[in-house]
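S.K.: What follows is my_file02.cif, mmCIF, C-alpha atoms.
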```
data_run
#
loop_
_atom_site.label_atom_id
_atom_site.label_comp_id
_atom_site.auth_asym_id
_atom_site.auth_seq_id
_atom_site.Cartn_x
_atom_site.Cartn_y
_atom_site.Cartn_z
CA MET A 912 -17.87 -7.25 -20.41
CA ASP A 913 -16.24 -5.73 -23.49
CA GLU A 914 -19.56 -5.67 -25.34
CA ASP A 915 -21.69 -4.24 -22.53
CA THR A 916 -22.36 -0.55 -22.01
CA ILE A 917 -23.10 0.16 -18.36
CA VAL A 918 -24.93 3.02 -16.71
CA ALA A 919 -25.40 4.21 -13.12
CA ILE A 920 -26.21 7.24 -11.02
CA SER A 921 -22.82 8.39 -9.70
CA THR A 922 -23.96 10.89 -7.08
CA PRO A 923 -25.33 10.08 -3.60
CA PRO A 924 -29.04 9.39 -3.01
CA GLY A 925 -31.29 12.32 -2.19
CA ARG A 926 -31.95 15.76 -3.61
CA GLY A 927 -29.16 18.13 -4.62
CA ALA A 928 -28.22 20.91 -6.99
CA MET A 929 -26.78 18.40 -9.46
CA GLY A 930 -26.77 14.69 -10.14
CA ILE A 931 -24.57 12.72 -12.54
CA ILE A 932 -25.44 9.77 -14.75
CA ARG A 933 -22.36 7.90 -16.01
CA LEU A 934 -22.20 5.66 -19.09
CA SER A 935 -19.20 3.52 -20.06
CA GLY A 936 -18.71 1.08 -22.91
CA PRO A 937 -18.66 0.81 -26.70
CA GLN A 938 -22.22 2.16 -27.08
CA ALA A 939 -21.97 5.00 -24.58
CA THR A 940 -22.08 7.77 -27.18
CA ALA A 941 -24.74 5.94 -29.22
CA VAL A 942 -27.01 5.79 -26.16
CA ALA A 943 -26.35 9.49 -25.59
CA ASP A 944 -27.18 10.24 -29.25
CA ALA A 945 -30.67 8.82 -28.73
CA LEU A 946 -31.36 10.99 -25.69
CA PHE A 947 -29.43 14.25 -26.16
CA ARG A 948 -30.55 17.23 -28.23
CA GLY A 949 -28.06 20.07 -28.67
CA ARG A 950 -25.56 21.47 -31.16
CA GLY A 951 -24.31 18.20 -32.60
CA ARG A 952 -24.36 14.55 -31.62
CA PRO A 953 -22.37 13.08 -28.72
CA SER A 954 -20.88 10.44 -31.05
CA GLU A 955 -19.26 13.30 -33.00
CA PHE A 956 -18.05 15.37 -30.04
CA PRO A 957 -14.27 15.51 -29.38
CA SER A 958 -12.95 13.90 -26.22
CA HIS A 959 -12.91 15.91 -23.00
CA THR A 960 -15.51 18.44 -24.12
CA VAL A 961 -18.67 19.61 -22.36
CA HIS A 962 -21.92 20.45 -24.21
CA PHE A 963 -25.19 22.06 -23.15
CA GLY A 964 -28.45 20.55 -24.34
CA ARG A 965 -31.67 18.78 -23.41
CA LEU A 966 -32.44 15.19 -22.63
CA VAL A 967 -35.62 14.00 -24.29
CA ASP A 968 -38.01 11.09 -24.20
CA GLY A 969 -39.49 11.26 -27.68
CA GLU A 970 -40.87 14.78 -27.93
CA GLU A 971 -40.88 15.39 -24.16
CA VAL A 972 -38.01 17.35 -22.60
CA VAL A 973 -36.88 15.55 -19.46
CA ASP A 974 -34.16 17.96 -18.29
CA GLU A 975 -31.60 20.56 -19.34
CA VAL A 976 -28.14 19.05 -18.94
CA LEU A 977 -24.41 19.33 -19.47
CA LEU A 978 -22.97 16.32 -21.30
CA THR A 979 -19.26 15.46 -21.14
CA VAL A 980 -17.55 13.02 -23.51
CA PHE A 981 -14.35 11.08 -22.75
CA ARG A 982 -12.96 8.97 -25.60
CA ALA A 983 -11.20 5.65 -25.08
CA PRO A 984 -8.54 5.07 -23.93
CA HIS A 985 -8.30 8.51 -22.30
CA SER A 986 -11.07 8.03 -19.74
CA TYR A 987 -11.48 6.74 -16.22
CA THR A 988 -12.43 3.24 -17.38
CA GLY A 989 -10.32 3.17 -20.55
CA GLU A 990 -13.56 2.94 -22.59
CA ASP A 991 -15.80 5.59 -24.14
CA VAL A 992 -17.43 7.39 -21.21
CA VAL A 993 -20.32 9.88 -21.18
CA GLU A 994 -21.25 11.79 -18.04
CA ILE A 995 -24.59 13.62 -17.96
CA SER A 996 -24.95 16.36 -15.34
CA CYS A 997 -28.65 16.79 -14.57
CA HIS A 998 -30.58 18.68 -11.94
CA GLY A 999 -30.30 16.69 -8.74
CA SER A 1000 -33.88 15.49 -8.42
CA PRO A 1001 -34.13 11.73 -7.70
CA VAL A 1002 -37.14 11.63 -10.02
CA VAL A 1003 -35.16 13.13 -12.92
CA LEU A 1004 -32.13 10.91 -12.30
CA ARG A 1005 -34.19 7.73 -12.19
CA ARG A 1006 -35.98 8.78 -15.39
CA VAL A 1007 -32.67 9.34 -17.24
CA LEU A 1008 -31.35 6.03 -15.92
CA TYR A 1009 -34.46 4.26 -17.22
CA LEU A 1010 -34.14 5.93 -20.64
CA ALA A 1011 -30.48 4.87 -20.93
CA VAL A 1012 -31.37 1.27 -20.10
CA ARG A 1013 -34.17 1.39 -22.65
CA GLN A 1014 -31.59 2.39 -25.27
CA GLY A 1015 -29.49 -0.71 -24.56
CA ALA A 1016 -27.27 0.09 -21.60
CA ARG A 1017 -27.40 -2.17 -18.54
CA LEU A 1018 -27.27 -1.20 -14.90
CA ALA A 1019 -23.73 -1.23 -13.57
CA GLU A 1020 -22.76 -3.60 -10.79
CA PRO A 1021 -21.18 -2.20 -7.60
CA GLY A 1022 -17.68 -0.92 -8.40
CA GLU A 1023 -17.91 -1.91 -12.06
CA PHE A 1024 -16.55 1.37 -13.43
CA THR A 1025 -13.41 1.04 -11.30
CA LYS A 1026 -13.21 -2.69 -12.03
CA ARG A 1027 -13.12 -1.87 -15.75
CA ALA A 1028 -10.41 0.72 -15.10
CA PHE A 1029 -8.36 -2.01 -13.40
CA LEU A 1030 -8.99 -4.64 -16.10
CA ASN A 1031 -8.18 -2.12 -18.84
CA GLY A 1032 -4.84 -1.26 -17.22
CA LYS A 1033 -5.74 2.27 -16.10
CA MET A 1034 -4.71 1.44 -12.52
CA ASP A 1035 -3.49 -1.54 -10.53
CA LEU A 1036 -5.56 -3.23 -7.85
CA ALA A 1037 -4.06 -1.32 -4.92
CA GLN A 1038 -4.90 1.96 -6.64
CA ALA A 1039 -8.40 0.72 -7.47
CA GLU A 1040 -9.06 -0.13 -3.82
CA ALA A 1041 -7.83 3.34 -2.86
CA VAL A 1042 -10.66 4.89 -4.89
CA MET A 1043 -13.17 3.67 -2.32
CA ASP A 1044 -10.89 4.81 0.50
CA VAL A 1045 -10.92 8.34 -0.94
CA VAL A 1046 -14.72 8.25 -1.17
CA CYS A 1047 -15.05 7.02 2.44
CA ALA A 1048 -12.26 9.13 4.02
CA GLN A 1049 -13.36 10.46 7.40
CA THR A 1050 -10.60 13.00 8.08
CA GLU A 1051 -8.02 15.00 6.16
CA LEU A 1052 -5.30 12.51 7.16
CA SER A 1053 -7.47 9.63 5.95
CA ALA A 1054 -8.00 11.36 2.62
CA ARG A 1055 -4.28 12.13 2.30
CA ALA A 1056 -3.33 8.48 2.91
CA ALA A 1057 -5.94 7.29 0.40
CA MET A 1058 -4.76 9.77 -2.24
CA SER A 1059 -1.17 8.65 -1.70
CA GLN A 1060 -2.22 5.08 -2.49
CA LEU A 1061 -4.36 6.19 -5.44
CA GLU A 1062 -1.38 8.06 -6.89
CA GLY A 1063 0.61 4.83 -6.77
CA HIS A 1064 3.03 5.39 -3.88
CA LEU A 1065 2.24 2.01 -2.29
CA SER A 1066 2.21 0.32 -5.71
CA ARG A 1067 5.68 1.63 -6.51
CA ARG A 1068 7.03 0.35 -3.19
CA VAL A 1069 5.42 -3.04 -3.80
CA GLU A 1070 6.78 -3.13 -7.35
CA GLU A 1071 10.30 -2.46 -6.02
CA LEU A 1072 9.91 -5.47 -3.72
CA ARG A 1073 8.60 -7.58 -6.61
CA GLN A 1074 11.56 -6.69 -8.79
CA GLN A 1075 14.03 -7.53 -6.01
CA LEU A 1076 12.34 -10.91 -5.52
CA ILE A 1077 12.31 -11.55 -9.27
CA ASP A 1078 16.00 -10.65 -9.55
CA PHE A 1079 16.89 -12.91 -6.61
CA LEU A 1080 14.85 -15.78 -8.05
CA ALA A 1081 16.20 -15.29 -11.58
CA HIS A 1082 19.82 -15.57 -10.40
CA LEU A 1083 19.05 -18.75 -8.47
CA GLU A 1084 17.11 -20.41 -11.27
CA ALA A 1085 19.62 -19.45 -13.95
CA ALA A 1086 22.39 -21.05 -11.92
CA LEU A 1087 20.24 -24.16 -11.44
CA ASP A 1088 19.05 -24.48 -15.05
CA PHE A 1089 22.31 -23.68 -16.81
CA THR A 1090 24.94 -25.36 -14.67
CA ASP A 1091 27.26 -25.78 -17.69
CA GLU A 1092 27.17 -22.09 -18.60
CA ASP A 1093 29.47 -19.43 -17.22
CA ILE A 1094 26.85 -17.84 -14.96
CA GLU A 1095 27.87 -16.08 -11.79
CA ILE A 1096 26.30 -17.82 -8.79
CA ILE A 1097 25.22 -15.76 -5.79
CA SER A 1098 27.25 -16.79 -2.77
CA PRO A 1099 25.44 -18.13 0.33
CA THR A 1100 26.47 -14.99 2.20
CA GLU A 1101 24.93 -12.71 -0.43
CA GLN A 1102 21.81 -14.86 -0.54
CA ARG A 1103 21.36 -14.40 3.21
CA GLN A 1104 21.96 -10.65 2.92
CA ARG A 1105 19.36 -10.33 0.17
CA ALA A 1106 16.84 -12.43 2.09
CA GLU A 1107 17.36 -10.44 5.30
CA ALA A 1108 16.97 -7.12 3.47
CA LEU A 1109 13.74 -8.28 1.79
CA LEU A 1110 12.38 -9.65 5.05
CA GLY A 1111 13.09 -6.34 6.79
CA GLU A 1112 11.30 -4.37 4.07
CA LEU A 1113 8.28 -6.68 4.14
CA ARG A 1114 8.02 -6.43 7.92
CA ARG A 1115 8.35 -2.63 7.93
CA LEU A 1116 5.65 -2.23 5.30
CA ALA A 1117 3.32 -4.68 7.07
CA ALA A 1118 3.89 -2.86 10.39
CA SER A 1119 2.64 0.40 8.84
CA ALA A 1120 -0.82 -1.21 8.79
CA GLU A 1121 -1.24 -0.25 12.46
CA LYS A 1122 -1.32 3.43 11.50
CA GLY A 1123 -3.15 2.66 8.28
CA LYS A 1124 -5.94 0.85 10.14
CA VAL A 1125 -6.43 3.91 12.34
CA LEU A 1126 -6.86 6.19 9.32
CA ARG A 1127 -9.10 3.80 7.39
CA GLU A 1128 -11.33 2.39 10.13
CA GLY A 1129 -11.01 4.88 12.98
CA VAL A 1130 -10.29 4.26 16.65
CA THR A 1131 -13.05 2.62 18.69
CA THR A 1132 -13.01 4.88 21.75
CA VAL A 1133 -15.13 4.04 24.80
CA ILE A 1134 -15.94 6.75 27.35
CA ALA A 1135 -16.27 4.89 30.66
CA GLY A 1136 -16.69 5.65 34.35
CA ARG A 1137 -19.24 5.54 37.14
CA PRO A 1138 -22.54 7.45 36.77
CA ASN A 1139 -22.52 11.24 36.89
CA VAL A 1140 -18.79 11.85 36.47
CA GLY A 1141 -19.35 13.75 33.19
CA LYS A 1142 -19.07 11.08 30.48
CA SER A 1143 -21.88 12.49 28.35
CA SER A 1144 -20.62 16.03 28.92
CA LEU A 1145 -17.19 14.92 27.68
CA MET A 1146 -18.70 13.39 24.56
CA ASN A 1147 -20.62 16.59 23.81
CA LEU A 1148 -17.43 18.60 24.35
CA LEU A 1149 -15.41 16.42 21.93
CA LEU A 1150 -18.21 16.59 19.34
CA ARG A 1151 -18.69 20.35 19.82
CA GLU A 1152 -22.46 19.81 20.01
CA ASP A 1153 -25.16 18.69 22.45
CA ARG A 1154 -25.37 15.16 21.10
CA VAL A 1155 -26.09 13.34 24.39
CA ILE A 1156 -28.62 14.14 27.12
CA VAL A 1157 -26.91 15.43 30.28
CA THR A 1158 -28.79 15.46 33.61
CA PRO A 1159 -27.80 15.26 37.31
CA VAL A 1160 -29.82 12.02 37.58
CA PRO A 1161 -27.54 8.94 37.78
CA GLY A 1162 -28.19 6.33 35.09
CA THR A 1163 -29.47 8.77 32.44
CA THR A 1164 -27.36 7.04 29.75
CA ARG A 1165 -28.66 3.46 29.58
CA ASP A 1166 -27.53 2.42 26.13
CA VAL A 1167 -24.39 3.02 24.08
CA VAL A 1168 -24.49 6.32 22.15
CA GLU A 1169 -22.12 6.43 19.17
CA ASP A 1170 -20.75 9.19 16.94
CA LEU A 1171 -17.64 10.03 14.92
CA VAL A 1172 -15.21 12.81 15.82
CA ASN A 1173 -12.04 14.11 14.19
CA ILE A 1174 -9.23 14.55 16.75
CA ARG A 1175 -6.20 16.15 15.07
CA GLY A 1176 -6.81 14.16 11.91
CA LEU A 1177 -7.55 10.90 13.75
CA PRO A 1178 -11.06 9.52 13.22
CA LEU A 1179 -12.41 8.47 16.62
CA ARG A 1180 -15.53 6.33 16.86
CA LEU A 1181 -16.78 7.67 20.19
CA LEU A 1182 -19.05 5.53 22.37
CA ASP A 1183 -20.70 7.08 25.42
CA THR A 1184 -21.64 4.22 27.74
CA ALA A 1185 -23.79 3.54 30.78
CA GLY A 1186 -22.12 4.25 34.12
CA LEU A 1187 -20.33 1.28 35.68
CA ARG A 1188 -22.05 0.35 38.95
CA PRO A 1189 -24.01 -2.53 40.49
CA THR A 1190 -27.74 -1.98 39.89
CA GLU A 1191 -31.06 -3.79 40.29
CA ASP A 1192 -32.66 -1.84 37.42
CA LEU A 1193 -33.03 -4.33 34.56
CA VAL A 1194 -32.61 -1.72 31.82
CA GLU A 1195 -29.58 -0.09 33.46
CA ARG A 1196 -28.07 -3.52 34.14
CA GLU A 1197 -28.25 -4.31 30.41
CA GLY A 1198 -26.58 -0.95 29.71
CA VAL A 1199 -23.73 -1.80 32.12
CA SER A 1200 -23.34 -5.21 30.45
CA ARG A 1201 -23.01 -3.52 27.05
CA THR A 1202 -20.43 -1.12 28.49
CA GLN A 1203 -18.32 -4.06 29.62
CA THR A 1204 -18.65 -5.70 26.19
CA TRP A 1205 -17.48 -2.55 24.44
CA LEU A 1206 -14.57 -2.15 26.84
CA GLU A 1207 -13.28 -5.54 25.69
CA ARG A 1208 -13.41 -4.36 22.05
CA ALA A 1209 -12.07 -0.86 22.58
CA ASP A 1210 -8.93 0.43 20.89
CA LEU A 1211 -8.87 3.29 23.41
CA VAL A 1212 -10.65 4.06 26.70
CA LEU A 1213 -11.30 7.50 28.13
CA LEU A 1214 -11.85 6.76 31.83
CA VAL A 1215 -13.63 9.70 33.44
CA LEU A 1216 -13.18 10.37 37.16
CA ASP A 1217 -14.72 13.19 39.21
CA ARG A 1218 -11.75 15.18 40.55
CA SER A 1219 -14.00 17.09 42.99
CA GLU A 1220 -14.87 13.93 44.98
CA PRO A 1221 -12.82 11.24 46.70
CA LEU A 1222 -12.38 7.96 44.85
CA GLN A 1223 -15.57 5.88 45.16
CA ALA A 1224 -16.07 2.10 45.17
CA GLU A 1225 -17.65 2.43 41.72
CA ASP A 1226 -14.53 4.29 40.50
CA ARG A 1227 -12.43 1.34 41.66
CA LEU A 1228 -14.79 -0.97 39.76
CA ALA A 1229 -14.19 1.14 36.64
CA LEU A 1230 -10.40 1.13 37.19
CA THR A 1231 -10.48 -2.68 37.35
CA ALA A 1232 -12.67 -2.90 34.24
CA VAL A 1233 -10.22 -0.91 32.06
CA ALA A 1234 -7.04 -2.57 33.31
CA GLY A 1235 -4.93 -3.75 30.40
CA ARG A 1236 -6.64 -1.46 27.86
CA PRO A 1237 -4.97 1.64 26.29
CA THR A 1238 -6.44 4.31 28.56
CA VAL A 1239 -6.40 8.05 29.14
CA VAL A 1240 -7.61 9.02 32.62
CA VAL A 1241 -9.75 12.16 32.39
CA LEU A 1242 -9.87 14.01 35.72
CA ASN A 1243 -13.09 15.93 35.12
CA LYS A 1244 -14.54 18.94 37.00
CA SER A 1245 -11.14 20.58 37.32
CA ASP A 1246 -12.97 23.90 37.79
CA LEU A 1247 -13.99 22.69 41.30
CA PRO A 1248 -11.70 22.25 44.35
CA PRO A 1249 -9.77 18.95 44.07
CA ARG A 1250 -10.58 16.11 46.48
CA LEU A 1251 -9.44 13.09 44.46
CA GLU A 1252 -6.17 11.40 45.41
CA THR A 1253 -4.53 10.44 42.13
CA GLN A 1254 -1.84 8.17 43.60
CA GLU A 1255 -4.15 5.15 43.71
CA VAL A 1256 -5.18 5.81 40.10
CA ALA A 1257 -1.52 5.94 39.05
CA ARG A 1258 -0.79 2.74 40.97
CA ARG A 1259 -3.66 0.86 39.30
CA LEU A 1260 -3.03 2.27 35.80
CA PRO A 1261 0.70 3.15 35.77
CA GLN A 1262 0.91 3.54 31.98
CA ALA A 1263 -2.21 5.71 31.60
CA PRO A 1264 -1.69 9.47 31.21
CA GLN A 1265 -3.84 11.67 33.47
CA VAL A 1266 -5.38 14.84 32.05
CA LEU A 1267 -7.16 17.62 33.96
CA LEU A 1268 -10.38 18.71 32.25
CA SER A 1269 -13.48 20.74 32.83
CA ALA A 1270 -16.21 19.45 30.53
CA LEU A 1271 -18.25 22.46 31.65
CA THR A 1272 -15.77 25.17 30.55
CA GLY A 1273 -13.67 23.23 28.03
CA ALA A 1274 -10.43 23.89 29.90
CA GLY A 1275 -7.97 21.09 29.25
CA LEU A 1276 -9.53 19.92 25.99
CA SER A 1277 -6.39 20.64 23.96
CA GLU A 1278 -4.27 18.67 26.45
CA LEU A 1279 -6.72 15.74 26.24
CA GLU A 1280 -6.59 15.71 22.44
CA ALA A 1281 -2.77 15.76 22.57
CA ALA A 1282 -2.76 12.81 25.01
CA ILE A 1283 -5.11 10.85 22.72
CA GLU A 1284 -2.89 11.55 19.72
CA ARG A 1285 0.24 10.41 21.59
CA LEU A 1286 -1.40 7.23 22.84
CA VAL A 1287 -2.91 6.21 19.49
CA TRP A 1288 0.38 6.69 17.69
CA GLU A 1289 3.70 8.27 18.37
CA GLY A 1290 5.11 10.39 15.57
CA GLY A 1291 1.98 10.65 13.44
CA VAL A 1292 2.14 10.47 9.66
CA GLU A 1293 4.70 12.35 7.61
CA PRO A 1294 3.86 13.54 4.05
CA GLY A 1295 6.25 11.01 2.47
CA ASP A 1296 5.09 8.00 4.51
CA VAL A 1297 3.80 4.97 2.61
CA LEU A 1298 1.10 3.27 4.68
CA VAL A 1299 -0.71 -0.01 4.26
CA THR A 1300 -4.38 0.76 4.98
CA ASN A 1301 -5.96 -2.45 3.68
CA VAL A 1302 -6.20 -5.71 5.65
CA ARG A 1303 -5.78 -7.71 2.45
CA HIS A 1304 -2.47 -5.98 1.73
CA GLN A 1305 -1.30 -6.49 5.31
CA ARG A 1306 -2.01 -10.22 5.18
CA ALA A 1307 -0.24 -10.58 1.84
CA LEU A 1308 2.86 -8.83 3.21
CA GLU A 1309 2.85 -10.91 6.39
CA GLU A 1310 2.54 -14.12 4.39
CA ALA A 1311 5.38 -13.00 2.09
CA ALA A 1312 7.49 -12.32 5.20
CA GLU A 1313 6.81 -15.86 6.42
CA TYR A 1314 8.11 -17.22 3.12
CA MET A 1315 11.27 -15.11 3.50
CA GLU A 1316 11.75 -16.44 7.04
CA ARG A 1317 11.67 -19.95 5.58
CA VAL A 1318 14.21 -18.86 2.97
CA LEU A 1319 16.58 -17.82 5.76
CA GLU A 1320 15.96 -21.09 7.65
CA THR A 1321 16.71 -23.08 4.49
CA LEU A 1322 19.92 -21.13 3.89
CA ALA A 1323 20.98 -21.54 7.52
CA VAL A 1324 20.87 -25.35 7.35
CA GLY A 1325 22.51 -25.46 3.93
CA TYR A 1326 19.70 -27.02 1.91
CA SER A 1327 19.68 -26.76 -1.88
CA GLU A 1328 18.82 -23.66 -3.90
CA GLU A 1329 15.73 -25.48 -5.27
CA LEU A 1330 14.05 -25.19 -1.85
CA VAL A 1331 15.06 -21.53 -1.58
CA ALA A 1332 13.51 -20.91 -5.00
CA VAL A 1333 10.20 -22.51 -3.92
CA ASP A 1334 9.78 -20.09 -1.01
CA LEU A 1335 10.90 -17.12 -3.11
CA ARG A 1336 8.12 -17.94 -5.59
CA GLY A 1337 5.67 -18.03 -2.69
CA ALA A 1338 6.77 -14.59 -1.50
CA LEU A 1339 6.57 -13.26 -5.06
CA ARG A 1340 3.02 -14.57 -5.44
CA CYS A 1341 1.92 -12.90 -2.17
CA VAL A 1342 3.44 -9.53 -3.09
CA GLY A 1343 1.89 -9.73 -6.55
CA GLU A 1344 -1.57 -10.16 -5.01
CA ILE A 1345 -1.43 -6.60 -3.66
CA VAL A 1346 -1.32 -4.98 -7.10
CA GLY A 1347 -3.41 -7.66 -8.82
CA GLU A 1348 -0.64 -9.56 -10.61
CA THR A 1349 -1.55 -12.95 -9.14
CA LEU A 1350 -5.21 -12.76 -8.10
CA THR A 1351 -8.05 -15.05 -9.15
CA GLU A 1352 -11.24 -13.76 -10.73
CA ASP A 1353 -13.44 -14.56 -7.72
CA ILE A 1354 -11.20 -12.52 -5.38
CA ILE A 1355 -11.29 -9.57 -7.78
CA HIS A 1356 -15.09 -9.80 -7.93
CA ARG A 1357 -15.26 -9.90 -4.12
CA ILE A 1358 -13.11 -6.77 -3.81
CA PHE A 1359 -15.17 -4.66 -6.22
CA SER A 1360 -18.51 -5.89 -4.86
CA THR A 1361 -17.86 -3.76 -1.75
CA PHE A 1362 -17.81 -0.55 -3.83
CA CYS A 1363 -20.77 1.74 -4.27
CA ILE A 1364 -22.76 1.56 -7.51
CA GLY A 1365 -21.64 4.32 -9.87
CA LYS A 1366 -17.96 4.09 -8.87
#
```
Show me the file's structure as structure tokens.
M.R.:
Amino acid sequence: MDEDTIVAISTPPGRGAMGIIRLSGPQATAVADALFRGRGRPSEFPSHTVHFGRLVDGEEVVDEVLLTVFRAPHSYTGEDVVEISCHGSPVVLRRVLYLAVRQGARLAEPGEFTKRAFLNGKMDLAQAEAVMDVVCAQTELSARAAMSQLEGHLSRRVEELRQQLIDFLAHLEAALDFTDEDIEIISPTEQRQRAEALLGELRRLAASAEKGKVLREGVTTVIAGRPNVGKSSLMNLLLREDRVIVTPVPGTTRDVVEDLVNIRGLPLRLLDTAGLRPTEDLVEREGVSRTQTWLERADLVLLVLDRSEPLQAEDRLALTAVAGRPTVVVLNKSDLPPRLETQEVARRLPQAPQVLLSALTGAGLSELEAAIERLVWEGGVEPGDVLVTNVRHQRALEEAAEYMERVLETLAVGYSEELVAVDLRGALRCVGEIVGETLTEDIIHRIFSTFCIGK
């Protein structure tokens, strides 16, 4: 890797005002020398300077560009980096990419720029993974959580835990290895106190993954109910656009329609589904079957009932279908005279909040969004919160907590410090995996293979 110079297009596919070609490696400026014509040579430019010029293929001018040089180690990857800002034509970008490869660079693998930053000590693994989270953030809260991790807030918390584990282990092993020396031995009571404190911290950090998962992956939210209660109208209202066809004909929605919406910073993966009812129509029956499948997977259900009509048999079918799922009951058509008795709804779904709404006028939308926010999480995210947003980190913390539980069990029955030390080492290894201290090469490769090329 140290001898390769890599190149990639670092801007999204398609046409745009600008596109960026990124080079990193020992020959980055030499490759740029062969292609760039301006006032001076890139290999002679100072670090962190931008230069106007032309990219050429022999005597042919390919594009007018801005070329930026970053000298090692003061660059994103820790190597010499050259970024070429071209006009954003896919034809031009592919041509420049081809010319750079012809001069000796090779095409970068997915995530290879960030992988080099990690391997060169520019960031730890948790920060490196946050780079992709920033790129893929779906809401402002998602971006804020990703930036917090990229800036090292999670890494510092993990490092504090690592140091406490190392200190605990060092005291135990010193007492074991140097029994003849005058070394202060931690009392059994203090050992238990340390283990309990570490276990509590590990559990608290792992528990934050519930909020972190919401920000990173979104909330799978199924809009359910019998036909013609206003499910598609509700989806259009939440999206602030006419995304789904709305007609008075029952069974208009026959397949699942999906889109993403930002509700007070929460990314909701909205799914408008076929109305729940018995039917002989083969296509509609398949739509109802898919609705039931999605209800089993849902993180949240918005059950829509028509407040202007008495409860129907199909409404009761829907109430049974969502039982046991986190649900908000949306009493739609609140602009019409009420005829729905809500007592039966409350009896069947006692934990589900009920919200009055008119999908036609938008009245009640703010109350619905507030109910969704409360149900998804209570308290939200404070600016100083450290969240675990990665499943790999969550698993490592949970496994470390299991080791600490065994430490406490060992201490409770009075077994030797050697057994305590074994489980402490296990916890230390798990915590170290989060920041890349104890990972194998194949796991590192797997992590960065999920990145986009050019990052």
S.K.: Enumerate, as a PyMOL selection string, the residues matched when the PyMOL selection byres ((chain A and resi 1012-1029) around 9) is run on the file above.
M.R.: chain A and resi 912+915-919+934-936+938-939+941-943+945-946+986-990+1007-1011+1030-1036+1038-1040+1042-1043+1347+1355-1356+1358-1366
S.K.: Closest to Glu1084 (chain A) among A:Asp1334, A:Glu1328, A:Arg950, A:Glu1344, using all atoms listed in the file?
M.R.: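 Under the stated criterion, the closest residue is A:Glu1328.
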S.K.: What do you get, as a list in words, if you spell out every residue that the PyMOL selection byres ((chain A and resi 1140) around 6) selects here?
M.R.: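 On this input, the PyMOL selection byres ((chain A and resi 1140) around 6) captures Pro1138, Asn1139, Gly1141, Leu1216 and Asp1217 of chain A.
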S.K.: So how many Å separate CA of Arg1103 (chain A) and CA of Gln1305 (chain A), to one decimal?
M.R.: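 Calculated distance between CA of Arg1103 (chain A) and CA of Gln1305 (chain A) is 24.1 Å.
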S.K.: Give as a list of chain:residue names the set of residues within 10 Å of the point (-38.8, 10.8, -22.8), where distances use the file's coordinates and all atoms listed in the file.
M.R.: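 Looking at atoms near the point gives A:Leu946, A:Leu966, A:Val967, A:Asp968, A:Gly969, A:Glu970, A:Glu971, A:Val972, A:Val973, A:Asp974, A:Arg1006, A:Val1007, A:Tyr1009, A:Leu1010.
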S.K.: Next, the residues of the selection above should be written as a PDB file, in the frame of the given file with C-alpha atoms.
M.R.:
```
ATOM      1  CA  LEU A 946     -31.360  10.990 -25.690  1.00  0.00           C
ATOM      2  CA  LEU A 966     -32.440  15.190 -22.630  1.00  0.00           C
ATOM      3  CA  VAL A 967     -35.620  14.000 -24.290  1.00  0.00           C
ATOM      4  CA  ASP A 968     -38.010  11.090 -24.200  1.00  0.00           C
ATOM      5  CA  GLY A 969     -39.490  11.260 -27.680  1.00  0.00           C
ATOM      6  CA  GLU A 970     -40.870  14.780 -27.930  1.00  0.00           C
ATOM      7  CA  GLU A 971     -40.880  15.390 -24.160  1.00  0.00           C
ATOM      8  CA  VAL A 972     -38.010  17.350 -22.600  1.00  0.00           C
ATOM      9  CA  VAL A 973     -36.880  15.550 -19.460  1.00  0.00           C
ATOM     10  CA  ASP A 974     -34.160  17.960 -18.290  1.00  0.00           C
ATOM     11  CA  ARG A1006     -35.980   8.780 -15.390  1.00  0.00           C
ATOM     12  CA  VAL A1007     -32.670   9.340 -17.240  1.00  0.00           C
ATOM     13  CA  TYR A1009     -34.460   4.260 -17.220  1.00  0.00           C
ATOM     14  CA  LEU A1010     -34.140   5.930 -20.640  1.00  0.00           C
TER      15      LEU A1010
END
```
S.K.: Given the file shown, enumerate the residues that the PyMOL selection byres ((chain A and resi 1274-1278) around 10) captures and present them as a list in words.
M.R.: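 So the PyMOL selection byres ((chain A and resi 1274-1278) around 10), applied here, picks out Leu1145, Leu1148, Leu1149, Ile1174, Arg1175, Val1241, Leu1242, Asn1243, Lys1244, Ser1245, Asp1246, Gln1265, Val1266, Leu1267, Leu1268, Ser1269, Ala1270, Leu1271, Thr1272, Gly1273, Leu1279, Glu1280, Ala1281, Ala1282, Ile1283 and Glu1284 of chain A.
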S.K.: Which residue out of A:Glu1112, A:Glu914, A:Glu975, A:Glu1070 has the minimum interatomic distance to Gly1343 (chain A) when only C-alpha atoms are used?
M.R.: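 Looking at the shortest contact to Gly1343 (chain A), the residue is A:Glu1070.
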S.K.: Give me, please, the distance in Å between CA of Gly1186 (chain A) and CA of Val1125 (chain A), quoted to one decimal.
M.R.: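 So the answer is 26.8 Å.
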S.K.: Any idea what's packed within 12 Å of Arg1208 (chain A), counting only C-alpha atoms, ignoring anything in its chain fewer than 5 positions away? Could you give it as a list in words?
M.R.: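 That gives Val1130, Thr1131, Thr1132, Val1133, Leu1182, Arg1201, Thr1202, Gln1203, Val1233, Gly1235, Arg1236 and Pro1237 of chain A.
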S.K.: Within 8 Å of Leu1298 (chain A), counting all atoms listed in the file, which residues show up once you throw out same-chain ones fewer than 6 positions away? Write them as a ChimeraX atom specification, please.
M.R.: /A:1056,1065,1116,1119-1120,1122-1123
S.K.: Please measure the separation of CA of Val1172 (chain A) and CA of Thr1184 (chain A), giving the value in Å to one decimal.
M.R.: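 If I compute the distance from CA of Val1172 (chain A) to CA of Thr1184 (chain A), I get 16.0 Å.
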